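Have a look at the structure below, then the notes.
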Amino acid sequence: MIEKEPLPEEIEDLEALEEGEGKEVRWLRTAPGWVISLGLHLLVVFALTFFYIQQYVFVDDSTVSVGIRAPEGPKISEVEAPKTEEPEKTEEPEETAGERDEFSAQESSDAADAGAEAAGDAERGSTVGVFDPGATATGRVGLRRPGGQKKARAKMSGTDRSIRGALKWLARHQREDGSWSTTRFHEACARHGYTESCTRNEFDGNEQYDVGVTSLALLAFLGAGCLPSNRDSVFAASRGSEELGALLESSPTLTYGEVVKRACKFLIRSQDPSGRIGPAVDRHVYNHMLGAAALAEAYGQTGMWLLRAPTEKAIRWIEEARSPGKGWRYGFRGRDTDASVTGWAVLALRSAETAGIAFDRSAFDDVRRWFDRATVSASVDPRLLGKNPGDIPGTWILTGYRSQRDAGNLVSVEGLNEHYHYTPSSSAIMVMSSFLMDGKPGPRAEKLIETILDFPPVAWTPGEKASYRPADFYYWYHATYALFQATSKEDPRWTRWGEAIRRALIDTQNLKDAEGRCPEGSWDPIDRWSCEGGRVYATAMAALTLQVHYRYPRLVGLEKKERALRVEEKP
């Protein structure tokens, strides 16, 4: 169990994260009349000012590569989205069910054409901020903001529906303290009127990673534009308010904003005085890196000062935890480096930087050198690729997990996932880290693109365990983001990758045939690393992967008003 520090006074009230309320001013009872009068006048002036500036302020910075605001941008103190003018729309053929599935719906870095029309809920015609038009035309580089929805489409795209379904499942399984549990999430099953427990799976997860999966879930909500101010209900109004009220044990109006507030509070409570997020469990650095990235993104999107101090402490801890001259490993100042932890550290640092929190950028020099040394030409045992032992080993440019010596080796947990196939996760992490650090691929990163393309996502069949072996949500996430940065929408390689993602994720989600059952919206924890994160991890990682067009801008090959790729939906 996580030992929680006492909650700071400033956020004891749930609304403090949203409103920034201060402490009670008790001395007013005995203050002179003129003091009270002056205070009331100042309060009126402040209220009028608050009403006038109650909007987000965004900065156009197309070079920012992480889904948060640019460091030069103004600090944001309010929580309501601005009212923007209706952008000019380009005429497109009407979509009909079964004709198309938007893997990427709309991408843009220009306010005049900054996203597709808000994807409305098919049942109630509103949004949770997912794919909000205009949200990409800012220094927040593609993250959605709540509200501001325009007329909803009659039909949601497959990607819209998948992300929304995942968020609903996550919201239903959040614990009262704001966390998500890798092993006990099923305690919320059927609590909101859904039937059947969703614990049936291939893997149960590892409870020491509760902080990590909570951070991934929070990142998925933030990527969909769900901020603390979001008032949209998690549950569709069409189910009937009376029926809904009878079904729910607690709040009949659970909102996406409430889910995000609880998660932020949990992460802050999980931070110790040193700045570390999460308990001192084995490989606790994973928990911290993910928690720091989530807090940095939450602060970057909202500008809430209550989030700044915890984020700064978390970033300082990352700086202190680095192996001298290298990157990061499982423990504080470990003797070596691994690509996975280092990749999350790069994301957290870059997220903090674009949110206005500085750090010593010389750390990136060491990371670049380490990635370069760990990237070599290496072979992969055909057995790790599901081939016959006598086949000729394949050879690629690969990044090692801990060094060049293990490039091409399978990284696994003994007794759990050794039977899975090899995927070049470290190579994908290197490419994405290069874009995050420098806004472009390094010389070696460019050579890794072809390697990634040789390992596309593979479709799997629920219930057929033999089909799970190539499944790796962790790799698919990093590879999708890396390729999105390295290719353009016209590139047929990106088209093929998008089609593979549809088959591997959109088509395998518990959605079409799971209405009313608790697994609805989730992904079964069947992939290579579900042994550590369980169903919460699988669902959060899949949702984050599908958000690729909405979290970051393309750093190369993207022109103003560019239309995104559409993936053909197969009948």
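Within each chain, counting starts at residue 1; across the structure tokens, chains are named A, B, ... in the order shown, with ligands numbered 1 upward in that order.
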Q.
So that I can check the secondary structure, give me every residue of range 354-469 of chain A assigned strand (DSSP E) by backbone DSSP, as an MDAnalysis selection string.
A. chainID A and resid 375:380 394:399
Got time to write the residues from that selection, N, CA and C atoms, as a compact mmCIF listing (two decimals), in the first residue's frame?
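What ended up in selection39.txt:
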```
# COMPACT_ATOMS: atom_id res chain seq x y z
N THR A 375 23.09 1.95 -30.20
CA THR A 375 22.45 1.65 -31.48
C THR A 375 23.48 1.07 -32.45
N VAL A 376 23.23 -0.18 -32.86
CA VAL A 376 24.18 -0.89 -33.72
C VAL A 376 23.41 -1.80 -34.68
N SER A 377 24.14 -2.40 -35.61
CA SER A 377 23.56 -3.44 -36.46
C SER A 377 23.59 -4.74 -35.66
N ALA A 378 22.43 -5.38 -35.54
CA ALA A 378 22.34 -6.59 -34.72
C ALA A 378 21.34 -7.55 -35.32
N SER A 379 21.48 -8.81 -34.96
CA SER A 379 20.59 -9.85 -35.45
C SER A 379 19.60 -10.26 -34.37
N VAL A 380 18.48 -10.81 -34.81
CA VAL A 380 17.44 -11.29 -33.90
C VAL A 380 17.25 -12.78 -34.16
N GLY A 394 17.34 -12.49 -38.75
CA GLY A 394 17.18 -11.19 -39.38
C GLY A 394 18.14 -10.19 -38.77
N THR A 395 18.60 -9.24 -39.58
CA THR A 395 19.55 -8.24 -39.11
C THR A 395 18.99 -6.85 -39.39
N TRP A 396 19.02 -6.00 -38.37
CA TRP A 396 18.52 -4.64 -38.47
C TRP A 396 19.43 -3.69 -37.70
N ILE A 397 19.22 -2.39 -37.90
CA ILE A 397 19.82 -1.38 -37.03
C ILE A 397 18.91 -1.31 -35.80
N LEU A 398 19.46 -1.62 -34.64
CA LEU A 398 18.66 -1.73 -33.43
C LEU A 398 19.31 -0.98 -32.28
N THR A 399 18.48 -0.48 -31.37
CA THR A 399 18.96 0.13 -30.13
C THR A 399 18.83 -0.89 -29.01
```
Taking a cut-off of 8 Å and counting only C-alpha atoms, can you build a table that, for each residue of range 425-540 of chain A near range 331-339 of chain A, reports the nearest atom pair and how far apart they are in Å (one decimal), sorted by chain then residue number, as JSON lines?
```
{"residue": "A:Ser426", "atom": "CA", "partner": "A:Ala339", "partner_atom": "CA", "distance": 5.7}
{"residue": "A:Ile429", "atom": "CA", "partner": "A:Ala339", "partner_atom": "CA", "distance": 7.0}
{"residue": "A:Met430", "atom": "CA", "partner": "A:Ala339", "partner_atom": "CA", "distance": 7.4}
```
With only C-alpha atoms counted and 10 Å as the cut-off, give the residues of range 494-554 of chain A in contact with range 473-479 of chain A, each with its shortest interatomic distance in Å and the pair that gives it, as JSON lines.
```
{"residue": "A:Trp497", "atom": "CA", "partner": "A:Ala479", "partner_atom": "CA", "distance": 9.6}
{"residue": "A:Ile501", "atom": "CA", "partner": "A:Trp476", "partner_atom": "CA", "distance": 8.1}
{"residue": "A:Ala504", "atom": "CA", "partner": "A:Phe473", "partner_atom": "CA", "distance": 9.3}
{"residue": "A:Leu505", "atom": "CA", "partner": "A:Phe473", "partner_atom": "CA", "distance": 8.9}
{"residue": "A:Pro525", "atom": "CA", "partner": "A:Phe473", "partner_atom": "CA", "distance": 9.6}
{"residue": "A:Ile526", "atom": "CA", "partner": "A:Phe473", "partner_atom": "CA", "distance": 9.3}
{"residue": "A:Asp527", "atom": "CA", "partner": "A:Phe473", "partner_atom": "CA", "distance": 6.3}
{"residue": "A:Arg528", "atom": "CA", "partner": "A:Phe473", "partner_atom": "CA", "distance": 7.5}
{"residue": "A:Trp529", "atom": "CA", "partner": "A:Tyr474", "partner_atom": "CA", "distance": 7.1}
{"residue": "A:Ser530", "atom": "CA", "partner": "A:Phe473", "partner_atom": "CA", "distance": 8.6}
{"residue": "A:Tyr537", "atom": "CA", "partner": "A:Phe473", "partner_atom": "CA", "distance": 9.2}
{"residue": "A:Ala538", "atom": "CA", "partner": "A:Phe473", "partner_atom": "CA", "distance": 6.9}
{"residue": "A:Thr539", "atom": "CA", "partner": "A:Phe473", "partner_atom": "CA", "distance": 9.3}
{"residue": "A:Ala540", "atom": "CA", "partner": "A:Phe473", "partner_atom": "CA", "distance": 9.7}
{"residue": "A:Met541", "atom": "CA", "partner": "A:Phe473", "partner_atom": "CA", "distance": 6.4}
{"residue": "A:Ala542", "atom": "CA", "partner": "A:Phe473", "partner_atom": "CA", "distance": 6.5}
{"residue": "A:Ala543", "atom": "CA", "partner": "A:Tyr477", "partner_atom": "CA", "distance": 9.2}
{"residue": "A:Leu544", "atom": "CA", "partner": "A:Tyr477", "partner_atom": "CA", "distance": 7.1}
{"residue": "A:Thr545", "atom": "CA", "partner": "A:Tyr477", "partner_atom": "CA", "distance": 4.8}
{"residue": "A:Leu546", "atom": "CA", "partner": "A:Tyr477", "partner_atom": "CA", "distance": 8.4}
{"residue": "A:Gln547", "atom": "CA", "partner": "A:Tyr477", "partner_atom": "CA", "distance": 9.8}
{"residue": "A:Val548", "atom": "CA", "partner": "A:Tyr477", "partner_atom": "CA", "distance": 8.6}
```
Could you save the residues just selected, with C-alpha atoms, as a PDB file, in the first residue's frame?
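In the end it all went to part_33.pdb:
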```
ATOM      1  CA  TRP A 497       0.941   1.627 -40.314  1.00  0.00           C
ATOM      2  CA  ILE A 501      -3.129   0.002 -35.884  1.00  0.00           C
ATOM      3  CA  ALA A 504      -4.569  -4.349 -33.824  1.00  0.00           C
ATOM      4  CA  LEU A 505      -6.402  -1.872 -31.580  1.00  0.00           C
ATOM      5  CA  PRO A 525      -4.579  -7.316 -20.886  1.00  0.00           C
ATOM      6  CA  ILE A 526      -3.034  -9.800 -23.263  1.00  0.00           C
ATOM      7  CA  ASP A 527       0.061  -8.013 -24.552  1.00  0.00           C
ATOM      8  CA  ARG A 528       3.677  -8.443 -23.560  1.00  0.00           C
ATOM      9  CA  TRP A 529       3.684  -5.956 -20.669  1.00  0.00           C
ATOM     10  CA  SER A 530       0.182  -6.461 -19.312  1.00  0.00           C
ATOM     11  CA  TYR A 537      -2.359  -0.277 -18.427  1.00  0.00           C
ATOM     12  CA  ALA A 538      -3.598  -1.966 -21.611  1.00  0.00           C
ATOM     13  CA  THR A 539      -6.551   0.404 -21.931  1.00  0.00           C
ATOM     14  CA  ALA A 540      -4.576   3.571 -21.173  1.00  0.00           C
ATOM     15  CA  MET A 541      -1.733   2.684 -23.563  1.00  0.00           C
ATOM     16  CA  ALA A 542      -4.129   1.810 -26.379  1.00  0.00           C
ATOM     17  CA  ALA A 543      -6.028   5.082 -25.894  1.00  0.00           C
ATOM     18  CA  LEU A 544      -2.781   7.090 -25.852  1.00  0.00           C
ATOM     19  CA  THR A 545      -1.702   5.413 -29.086  1.00  0.00           C
ATOM     20  CA  LEU A 546      -4.954   6.358 -30.814  1.00  0.00           C
ATOM     21  CA  GLN A 547      -4.502   9.968 -29.653  1.00  0.00           C
ATOM     22  CA  VAL A 548      -1.326  10.350 -31.718  1.00  0.00           C
TER      23      VAL A 548
END
```
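Picture a line from CA of Ile452 in chain A to CA of Leu436 in chain A; it runs 17.8 Å.
CA of Arg283 in chain A is positioned 27.9 Å from CA of Leu385 in chain A.
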Q: Taking the chain letters and numbering used in this document, name the residues of range 182-366 of chain A that DSSP puts in helix (DSSP H, G or I), as number ranges by chain.
A: A: 185-188, 207-223, 237-239, 241-247, 256-269, 284-302, 305-321, 339-354, 362-366
Q: For CA of Gly400 in chain A and CA of Ala374 in chain A, determine how far apart the two atoms are, in Å to one decimal place.
A: 5.2 Å
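Remark: for Ser323 in chain A, the closest of the candidate residues A:Trp169, A:Phe221, A:Trp370, A:Tyr286 is A:Trp370 (distances computed over only C-alpha atoms).
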Within 9 Å of Gly533 in chain A, counting only C-alpha atoms, which residues qualify if same-chain residues fewer than 2 places away don't, as a PDB file with C-alpha atoms, in the first residue's frame?
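Result file follows (result-v6.pdb):
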```
ATOM      1  CA  SER A 181      -5.259  -0.160  -9.301  1.00  0.00           C
ATOM      2  CA  THR A 182      -3.480  -2.724 -11.445  1.00  0.00           C
ATOM      3  CA  THR A 183      -4.927  -5.613  -9.448  1.00  0.00           C
ATOM      4  CA  PHE A 203      -2.430 -11.145 -16.924  1.00  0.00           C
ATOM      5  CA  ASP A 204      -3.360  -9.696 -13.536  1.00  0.00           C
ATOM      6  CA  GLY A 205      -0.772  -6.913 -13.305  1.00  0.00           C
ATOM      7  CA  ASN A 206       1.604  -5.899 -10.521  1.00  0.00           C
ATOM      8  CA  GLU A 207       0.271  -3.743  -7.692  1.00  0.00           C
ATOM      9  CA  TYR A 209       2.816  -0.034 -10.421  1.00  0.00           C
ATOM     10  CA  ASP A 210      -0.449   1.560  -9.259  1.00  0.00           C
ATOM     11  CA  GLY A 212       2.429   4.331 -12.903  1.00  0.00           C
ATOM     12  CA  VAL A 213      -0.884   3.148 -14.359  1.00  0.00           C
ATOM     13  CA  PRO A 525      -4.579  -7.316 -20.886  1.00  0.00           C
ATOM     14  CA  TRP A 529       3.684  -5.956 -20.669  1.00  0.00           C
ATOM     15  CA  SER A 530       0.182  -6.461 -19.312  1.00  0.00           C
ATOM     16  CA  CYS A 531       1.882  -8.784 -16.843  1.00  0.00           C
ATOM     17  CA  ARG A 535      -6.205  -4.062 -17.883  1.00  0.00           C
ATOM     18  CA  VAL A 536      -5.777  -0.431 -16.775  1.00  0.00           C
ATOM     19  CA  TYR A 537      -2.359  -0.277 -18.427  1.00  0.00           C
ATOM     20  CA  ALA A 538      -3.598  -1.966 -21.611  1.00  0.00           C
TER      21      ALA A 538
END
```
Q | Residue neighbourhood Tyr299 in chain A, 7 Å, only C-alpha atoms, exclusion window fewer than 4 positions, as a list in words | A | Leu295, Gly303, Met304, Leu307, Arg308 and Ala355 of chain A
